[in-house]
>>> print(open('input-v4.pdb').read())   # PDB, C-alpha atoms and all ligand atoms
ATOM      1  CA  MET A 970       5.300  -1.708  17.379  1.00  0.00           C
ATOM      2  CA  SER A 971       4.458   0.222  20.530  1.00  0.00           C
ATOM      3  CA  ASP A 972       7.822  -0.416  22.187  1.00  0.00           C
ATOM      4  CA  THR A 973      10.004   0.325  19.235  1.00  0.00           C
ATOM      5  CA  ARG A 974      11.167   3.863  19.262  1.00  0.00           C
ATOM      6  CA  TYR A 975      12.587   4.839  15.946  1.00  0.00           C
ATOM      7  CA  GLN A 976      13.635   8.102  14.504  1.00  0.00           C
ATOM      8  CA  THR A 977      12.309   9.587  11.350  1.00  0.00           C
ATOM      9  CA  ALA A 978      14.408  11.013   8.545  1.00  0.00           C
ATOM     10  CA  ASN A 979      14.255  14.349  10.351  1.00  0.00           C
ATOM     11  CA  ASP A 980      16.121  12.883  13.293  1.00  0.00           C
ATOM     12  CA  LEU A 981      19.087  11.516  11.384  1.00  0.00           C
ATOM     13  CA  LEU A 982      21.935  10.875  13.727  1.00  0.00           C
ATOM     14  CA  TRP A 983      24.571  10.676  11.067  1.00  0.00           C
ATOM     15  CA  ASP A 984      24.319  11.922   7.572  1.00  0.00           C
ATOM     16  CA  LEU A 985      25.945   9.102   5.612  1.00  0.00           C
ATOM     17  CA  SER A 986      25.013  10.495   2.231  1.00  0.00           C
ATOM     18  CA  ARG A 987      28.595  11.476   1.405  1.00  0.00           C
ATOM     19  CA  TYR A 988      29.993   8.079   2.363  1.00  0.00           C
ATOM     20  CA  PHE A 989      30.181   4.982   0.284  1.00  0.00           C
ATOM     21  CA  LEU A 990      31.243   1.486   1.255  1.00  0.00           C
ATOM     22  CA  MET A 991      34.688   0.470   0.080  1.00  0.00           C
ATOM     23  CA  LYS A 992      35.514  -3.227  -0.298  1.00  0.00           C
ATOM     24  CA  VAL A 993      38.622  -4.254   1.578  1.00  0.00           C
ATOM     25  CA  GLY A 994      40.142  -7.566   2.595  1.00  0.00           C
ATOM     26  CA  VAL A 995      41.207  -8.335   6.154  1.00  0.00           C
ATOM     27  CA  GLY A 996      43.380 -11.379   5.783  1.00  0.00           C
ATOM     28  CA  GLU A 997      41.172 -13.786   3.876  1.00  0.00           C
ATOM     29  CA  SER A 998      37.907 -12.113   4.927  1.00  0.00           C
ATOM     30  CA  PRO A 999      36.095  -9.721   2.644  1.00  0.00           C
ATOM     31  CA  ALA A1000      35.165  -6.561   4.534  1.00  0.00           C
ATOM     32  CA  LEU A1001      33.775  -3.060   4.068  1.00  0.00           C
ATOM     33  CA  MET A1002      34.907   0.404   5.134  1.00  0.00           C
ATOM     34  CA  PHE A1003      33.351   3.858   4.992  1.00  0.00           C
ATOM     35  CA  ARG A1004      35.104   6.260   2.673  1.00  0.00           C
ATOM     36  CA  ASP A1005      33.747   9.711   1.886  1.00  0.00           C
ATOM     37  CA  SER A1006      33.473  11.386  -1.482  1.00  0.00           C
ATOM     38  CA  HIS A1007      36.748  13.239  -0.873  1.00  0.00           C
ATOM     39  CA  GLY A1008      38.553   9.984  -0.175  1.00  0.00           C
ATOM     40  CA  PHE A1009      38.763  10.379   3.620  1.00  0.00           C
ATOM     41  CA  LEU A1010      38.220   7.250   5.670  1.00  0.00           C
ATOM     42  CA  MET A1011      35.774   7.374   8.555  1.00  0.00           C
ATOM     43  CA  ASP A1012      37.199   7.480  12.067  1.00  0.00           C
ATOM     44  CA  PRO A1013      37.108   3.860  13.384  1.00  0.00           C
ATOM     45  CA  HIS A1014      35.353   4.894  16.661  1.00  0.00           C
ATOM     46  CA  GLN A1015      32.601   6.573  14.742  1.00  0.00           C
ATOM     47  CA  ALA A1016      32.303   3.619  12.364  1.00  0.00           C
ATOM     48  CA  LEU A1017      32.074   1.155  15.274  1.00  0.00           C
ATOM     49  CA  GLU A1018      29.428   3.229  16.996  1.00  0.00           C
ATOM     50  CA  ILE A1019      27.326   3.173  13.814  1.00  0.00           C
ATOM     51  CA  ILE A1020      27.868  -0.584  13.446  1.00  0.00           C
ATOM     52  CA  ASP A1021      26.865  -1.245  17.080  1.00  0.00           C
ATOM     53  CA  LYS A1022      23.660   0.704  16.668  1.00  0.00           C
ATOM     54  CA  LEU A1023      22.925  -0.937  13.325  1.00  0.00           C
ATOM     55  CA  LYS A1024      23.329  -4.342  14.955  1.00  0.00           C
ATOM     56  CA  ILE A1025      20.932  -3.434  17.773  1.00  0.00           C
ATOM     57  CA  ALA A1026      18.339  -2.464  15.194  1.00  0.00           C
ATOM     58  CA  TYR A1027      18.766  -5.173  12.583  1.00  0.00           C
ATOM     59  CA  GLU A1028      19.043  -8.019  15.063  1.00  0.00           C
ATOM     60  CA  SER A1029      15.759  -7.037  16.680  1.00  0.00           C
ATOM     61  CA  PRO A1030      12.708  -9.032  15.531  1.00  0.00           C
ATOM     62  CA  GLU A1031      10.568  -5.965  16.188  1.00  0.00           C
ATOM     63  CA  ILE A1032      12.662  -3.872  13.829  1.00  0.00           C
ATOM     64  CA  ASN A1033      12.500  -6.601  11.231  1.00  0.00           C
ATOM     65  CA  ALA A1034       8.698  -6.601  11.452  1.00  0.00           C
ATOM     66  CA  PHE A1035       8.765  -2.807  11.273  1.00  0.00           C
ATOM     67  CA  VAL A1036      10.921  -2.874   8.119  1.00  0.00           C
ATOM     68  CA  GLU A1037       8.489  -5.254   6.463  1.00  0.00           C
ATOM     69  CA  GLN A1038       5.422  -3.215   7.464  1.00  0.00           C
ATOM     70  CA  GLU A1039       6.941   0.144   6.517  1.00  0.00           C
ATOM     71  CA  ASN A1040       8.098  -1.108   3.122  1.00  0.00           C
ATOM     72  CA  GLN A1041       4.749  -2.742   2.432  1.00  0.00           C
ATOM     73  CA  ASP A1042       2.881   0.470   3.277  1.00  0.00           C
ATOM     74  CA  LEU A1043       5.201   2.525   1.075  1.00  0.00           C
ATOM     75  CA  HIS A1044       4.787   0.039  -1.746  1.00  0.00           C
ATOM     76  CA  LEU A1045       0.979   0.224  -1.492  1.00  0.00           C
ATOM     77  CA  GLU A1046       1.068   4.026  -1.310  1.00  0.00           C
ATOM     78  CA  SER A1047       3.252   4.121  -4.425  1.00  0.00           C
ATOM     79  CA  MET A1048       0.417   2.251  -6.184  1.00  0.00           C
ATOM     80  CA  GLY A1049      -2.016   5.000  -5.219  1.00  0.00           C
ATOM     81  CA  ILE A1050      -3.622   3.134  -2.330  1.00  0.00           C
ATOM     82  CA  ASP A1051      -4.621   5.312   0.609  1.00  0.00           C
ATOM     83  CA  LEU A1052      -4.295   3.150   3.712  1.00  0.00           C
ATOM     84  CA  ASN A1053      -6.470   5.523   5.722  1.00  0.00           C
ATOM     85  CA  HIS A1054      -9.232   5.733   3.155  1.00  0.00           C
ATOM     86  CA  ARG A1055      -9.925   2.594   1.192  1.00  0.00           C
ATOM     87  CA  TYR A1056     -12.532   4.249  -1.068  1.00  0.00           C
ATOM     88  CA  LEU A1057      -9.874   6.456  -2.632  1.00  0.00           C
ATOM     89  CA  LEU A1058      -7.343   5.375  -5.214  1.00  0.00           C
ATOM     90  CA  ASN A1059      -4.833   7.949  -6.460  1.00  0.00           C
ATOM     91  CA  GLY A1060      -7.006  10.476  -4.623  1.00  0.00           C
ATOM     92  CA  ILE A1061     -10.074   9.594  -6.699  1.00  0.00           C
ATOM     93  CA  ASN A1062     -13.245   7.935  -5.438  1.00  0.00           C
ATOM     94  CA  VAL A1063     -13.441   4.290  -6.458  1.00  0.00           C
ATOM     95  CA  TYR A1064     -17.212   4.519  -6.958  1.00  0.00           C
ATOM     96  CA  LYS A1065     -19.666   7.097  -8.271  1.00  0.00           C
ATOM     97  CA  LYS A1066     -23.345   7.874  -8.076  1.00  0.00           C
ATOM     98  CA  LYS A1067     -25.173   8.232 -11.367  1.00  0.00           C
ATOM     99  CA  GLU A1068     -28.713   9.327 -12.152  1.00  0.00           C
ATOM    100  CA  PHE A1069     -30.672   7.468 -14.783  1.00  0.00           C
ATOM    101  CA  ASP A1070     -31.233   9.571 -17.864  1.00  0.00           C
ATOM    102  CA  PRO A1071     -35.001   9.463 -18.609  1.00  0.00           C
ATOM    103  CA  LEU A1072     -34.298  10.271 -22.255  1.00  0.00           C
ATOM    104  CA  LYS A1073     -32.222   7.166 -22.761  1.00  0.00           C
ATOM    105  CA  ARG A1074     -33.515   3.652 -23.270  1.00  0.00           C
ATOM    106  CA  LYS A1075     -34.720   1.656 -20.272  1.00  0.00           C
ATOM    107  CA  ARG A1076     -32.062  -0.075 -18.248  1.00  0.00           C
ATOM    108  CA  SER A1077     -32.179  -2.519 -15.400  1.00  0.00           C
ATOM    109  CA  PHE A1078     -29.749  -4.684 -13.478  1.00  0.00           C
ATOM    110  CA  SER A1079     -29.411  -6.556 -10.213  1.00  0.00           C
ATOM    111  CA  CYS A1080     -27.403  -4.934  -7.432  1.00  0.00           C
ATOM    112  CA  ALA A1081     -24.016  -6.636  -7.305  1.00  0.00           C
ATOM    113  CA  TRP A1082     -24.226  -6.847  -3.529  1.00  0.00           C
ATOM    114  CA  CYS A1083     -27.836  -7.415  -2.401  1.00  0.00           C
ATOM    115  CA  GLY A1084     -29.374  -8.561  -5.684  1.00  0.00           C
ATOM    116  CA  THR A1085     -32.158  -5.961  -5.595  1.00  0.00           C
ATOM    117  CA  ARG A1086     -33.491  -5.219  -9.063  1.00  0.00           C
ATOM    118  CA  VAL A1087     -32.660  -1.637 -10.034  1.00  0.00           C
ATOM    119  CA  SER A1088     -34.336  -0.095 -13.065  1.00  0.00           C
ATOM    120  CA  SER A1089     -34.479   3.246 -14.797  1.00  0.00           C
ATOM    121  CA  THR A1090     -38.282   3.139 -14.675  1.00  0.00           C
ATOM    122  CA  LYS A1091     -38.618   2.939 -10.889  1.00  0.00           C
ATOM    123  CA  ASP A1092     -35.277   4.208  -9.549  1.00  0.00           C
ATOM    124  CA  LYS A1093     -33.650   7.588  -9.844  1.00  0.00           C
ATOM    125  CA  GLU A1094     -30.027   6.659  -9.409  1.00  0.00           C
ATOM    126  CA  TYR A1095     -27.490   3.897  -8.924  1.00  0.00           C
ATOM    127  CA  TYR A1096     -23.869   3.505  -7.889  1.00  0.00           C
ATOM    128  CA  TYR A1097     -21.026   2.008  -9.867  1.00  0.00           C
ATOM    129  CA  ILE A1098     -17.358   1.116  -9.415  1.00  0.00           C
ATOM    130  CA  THR A1099     -15.037   3.419 -11.353  1.00  0.00           C
ATOM    131  CA  ASP A1100     -11.784   1.642 -10.557  1.00  0.00           C
ATOM    132  CA  HIS A1101     -10.367  -0.854 -13.014  1.00  0.00           C
ATOM    133  CA  TYR A1102      -6.888  -1.135 -11.580  1.00  0.00           C
ATOM    134  CA  LEU A1103      -7.575  -3.313  -8.553  1.00  0.00           C
ATOM    135  CA  ARG A1104     -10.419  -5.133 -10.230  1.00  0.00           C
ATOM    136  CA  SER A1105      -8.337  -6.130 -13.245  1.00  0.00           C
ATOM    137  CA  GLY A1106      -5.650  -7.410 -10.894  1.00  0.00           C
ATOM    138  CA  LEU A1107      -7.912  -9.989  -9.314  1.00  0.00           C
ATOM    139  CA  SER A1108      -7.777 -13.661 -10.134  1.00  0.00           C
ATOM    140  CA  GLU A1109     -10.377 -14.686 -12.674  1.00  0.00           C
ATOM    141  CA  GLN A1110     -13.252 -15.981 -10.582  1.00  0.00           C
ATOM    142  CA  LYS A1111     -13.044 -12.850  -8.443  1.00  0.00           C
ATOM    143  CA  SER A1112     -13.088 -10.325 -11.292  1.00  0.00           C
ATOM    144  CA  GLN A1113     -16.670 -11.057 -12.324  1.00  0.00           C
ATOM    145  CA  PRO A1114     -18.800  -8.003 -13.138  1.00  0.00           C
ATOM    146  CA  TRP A1115     -19.151  -6.220  -9.840  1.00  0.00           C
ATOM    147  CA  GLU A1116     -20.028  -2.886 -11.187  1.00  0.00           C
ATOM    148  CA  TYR A1117     -23.496  -1.677 -10.300  1.00  0.00           C
ATOM    149  CA  SER A1118     -25.256  -1.328  -6.987  1.00  0.00           C
ATOM    150  CA  CYS A1119     -28.539  -0.015  -5.652  1.00  0.00           C
ATOM    151  CA  SER A1120     -27.057   2.143  -2.886  1.00  0.00           C
ATOM    152  CA  GLU A1121     -23.909   3.628  -1.449  1.00  0.00           C
ATOM    153  CA  THR A1122     -23.921   1.016   1.318  1.00  0.00           C
ATOM    154  CA  CYS A1123     -23.989  -1.795  -1.255  1.00  0.00           C
ATOM    155  CA  ILE A1124     -21.319  -0.299  -3.508  1.00  0.00           C
ATOM    156  CA  ARG A1125     -19.062   0.070  -0.466  1.00  0.00           C
ATOM    157  CA  HIS A1126     -19.562  -3.627   0.312  1.00  0.00           C
ATOM    158  CA  VAL A1127     -18.740  -4.419  -3.306  1.00  0.00           C
ATOM    159  CA  TRP A1128     -15.564  -2.392  -3.065  1.00  0.00           C
ATOM    160  CA  ASP A1129     -14.615  -3.918   0.303  1.00  0.00           C
ATOM    161  CA  GLU A1130     -14.780  -7.318  -1.347  1.00  0.00           C
ATOM    162  CA  ILE A1131     -12.612  -6.221  -4.298  1.00  0.00           C
ATOM    163  CA  TYR A1132     -10.138  -4.423  -2.041  1.00  0.00           C
ATOM    164  CA  GLU A1133      -9.822  -7.236   0.474  1.00  0.00           C
ATOM    165  CA  SER A1134      -9.546  -9.931  -2.208  1.00  0.00           C
ATOM    166  CA  TRP A1135      -6.828  -7.945  -3.940  1.00  0.00           C
ATOM    167  CA  MET A1136      -4.902  -7.471  -0.675  1.00  0.00           C
ATOM    168  CA  ARG A1137      -5.353 -11.123   0.292  1.00  0.00           C
ATOM    169  CA  GLU A1138      -4.222 -12.418  -3.108  1.00  0.00           C
ATOM    170  CA  ARG A1139      -1.035 -10.397  -2.735  1.00  0.00           C
ATOM    171  CA  GLY A1140      -0.398 -11.246   0.879  1.00  0.00           C
ATOM    172  CA  TYR A1141      -0.944  -7.699   2.179  1.00  0.00           C
ATOM    173  CA  LEU A1142      -2.941  -8.989   5.106  1.00  0.00           C
ATOM    174  CA  THR A1143      -2.090  -6.180   7.513  1.00  0.00           C
ATOM    175  CA  ALA A1144      -3.576  -3.642   5.101  1.00  0.00           C
ATOM    176  CA  ILE A1145      -7.038  -5.106   5.716  1.00  0.00           C
ATOM    177  CA  LYS A1146      -8.200  -3.173   8.760  1.00  0.00           C
TER
HETATM  178 ZN    ZN B   1     -27.927  -3.360  -3.101  1.00  0.00          ZN
END
>>> encode(input="input-v4.pdb", output="structure tokens", more="lines below")
Ligand SMILES: [Zn+2]
Amino acid sequence: MSDTRYQTANDLLWDLSRYFLMKVGVGESPALMFRDSHGFLMDPHQALEIIDKLKIAYESPEINAFVEQENQDLHLESMGIDLNHRYLLNGINVYKKKEFDPLKRKRSFSCAWCGTRVSSTKDKEYYYITDHYLRSGLSEQKSQPWEYSCSETCIRHVWDEIYESWMRERGYLTAIK
């Protein structure tokens, strides 16, 4: 998208918020015109200038790719996904560190990433995935128990796998950086 210069909402050229599109017929052809909330029709020169610029944008393959990317990113953000920080969801860490409680009964498990045996008798702490949202959205063979890991490095690998599988299953391939 390096060549596509686009303006943000702050650079609006025309504020069209008071206009709506009125259906008209030109001969047999259905058509549209701009009419404002007071009933005034837009000056044809102004309308044509808007239409020309709209055509330049919407006929451009680059703009079409930009529309798709922008809408995808917004959609993901609306689901709480932070595209700059994949270990956060709705601003909350997707994994946590937990210390074994020596007063509780013995526990042991294999690290979901490297398979190392972790146990409350020899280890002080472990990491686990706190997110259920992405994990529950995975297809069945992918949503196997991926909860506990021996280290932060391993739990991050576990999450990368969940995150990337989720994105891939939904076709959000550009979100996998
Ligand atoms: Zn591990």
>>> closest_residue(input="input-v4.pdb", among="A:Val1063, A:Ala1000, A:Leu1043, A:Ala1081", to="ligand ZN 1 (chain B)", atoms="all atoms listed in the file")
A:Ala1081
>>> atom_distance(input="input-v4.pdb", atom1="atom CA of Leu985 of chain A", atom2="atom CA of Glu997 of chain A")
27.5 Å
>>> closest_atom_pairs(input="input-v4.pdb", of="chain A", to="ligand ZN 1 (chain B)", cutoff="9 Å", atoms="all atoms listed in the file", output="CSV")
residue,atom,partner,partner_atom,distance
A:Ser1079,CA,B:ZN1,ZN,7.9
A:Cys1080,CA,B:ZN1,ZN,4.6
A:Ala1081,CA,B:ZN1,ZN,6.6
A:Trp1082,CA,B:ZN1,ZN,5.1
A:Cys1083,CA,B:ZN1,ZN,4.1
A:Gly1084,CA,B:ZN1,ZN,6.0
A:Thr1085,CA,B:ZN1,ZN,5.6
A:Arg1086,CA,B:ZN1,ZN,8.4
A:Val1087,CA,B:ZN1,ZN,8.6
A:Tyr1117,CA,B:ZN1,ZN,8.6
A:Ser1118,CA,B:ZN1,ZN,5.1
A:Cys1119,CA,B:ZN1,ZN,4.3
A:Ser1120,CA,B:ZN1,ZN,5.6
A:Glu1121,CA,B:ZN1,ZN,8.2
A:Thr1122,CA,B:ZN1,ZN,7.4
A:Cys1123,CA,B:ZN1,ZN,4.6
A:Ile1124,CA,B:ZN1,ZN,7.3
>>> resolve_selection(input="input-v4.pdb", expression="the PyMOL selection byres (((chain A and resi 1012-1016) around 12) and not hetatm)", output="PyMOL selection string")
chain A and resi 982-983+985+988+990+1001-1005+1009-1011+1017-1023
>>> resolve_selection(input="input-v4.pdb", expression="the PyMOL selection byres (((chain A and resi 1058) around 10) and not hetatm)", output="ChimeraX atom specification")
/A:1046,1048-1052,1054-1057,1059-1063,1100,1102-1103
>>> residues_around(input="input-v4.pdb", residues="segment 1133-1139 of chain A", least_positions_apart="2", cutoff="8 Å", atoms="all atoms listed in the file", output="ChimeraX atom specification")
/A:1103-1104,1106-1108,1111,1129-1131,1141-1142,1144-1145
>>> write_last_selection(input="input-v4.pdb", atoms="C-alpha atoms", output="PDB file, keeping the file's coordinate frame")
ATOM      1  CA  LEU A1103      -7.575  -3.313  -8.553  1.00  0.00           C
ATOM      2  CA  ARG A1104     -10.419  -5.133 -10.230  1.00  0.00           C
ATOM      3  CA  GLY A1106      -5.650  -7.410 -10.894  1.00  0.00           C
ATOM      4  CA  LEU A1107      -7.912  -9.989  -9.314  1.00  0.00           C
ATOM      5  CA  SER A1108      -7.777 -13.661 -10.134  1.00  0.00           C
ATOM      6  CA  LYS A1111     -13.044 -12.850  -8.443  1.00  0.00           C
ATOM      7  CA  ASP A1129     -14.615  -3.918   0.303  1.00  0.00           C
ATOM      8  CA  GLU A1130     -14.780  -7.318  -1.347  1.00  0.00           C
ATOM      9  CA  ILE A1131     -12.612  -6.221  -4.298  1.00  0.00           C
ATOM     10  CA  TYR A1141      -0.944  -7.699   2.179  1.00  0.00           C
ATOM     11  CA  LEU A1142      -2.941  -8.989   5.106  1.00  0.00           C
ATOM     12  CA  ALA A1144      -3.576  -3.642   5.101  1.00  0.00           C
ATOM     13  CA  ILE A1145      -7.038  -5.106   5.716  1.00  0.00           C
TER      14      ILE A1145
END
>>> atom_distance(input="input-v4.pdb", atom1="atom CA of Tyr1132 of chain A", atom2="atom CA of Lys1067 of chain A")
21.8 Å
>>> atom_distance(input="input-v4.pdb", atom1="atom CA of Asp1070 of chain A", atom2="atom CA of Glu1094 of chain A")
9.0 Å
>>> resolve_selection(input="input-v4.pdb", expression="the PyMOL selection byres (((chain A and resi 1068) around 12) and not hetatm)", output="ChimeraX atom specification")
/A:1065-1067,1069-1073,1076,1087-1097,1119-1120
>>> axis_aligned_box(input="input-v4.pdb", around="segment 999-1008 of chain A", padding_each_side="3 Å", output="JSON")
{"center_x": 36.0, "center_y": 1.8, "center_z": 1.8, "size_x": 11.2, "size_y": 29.0, "size_z": 12.6}
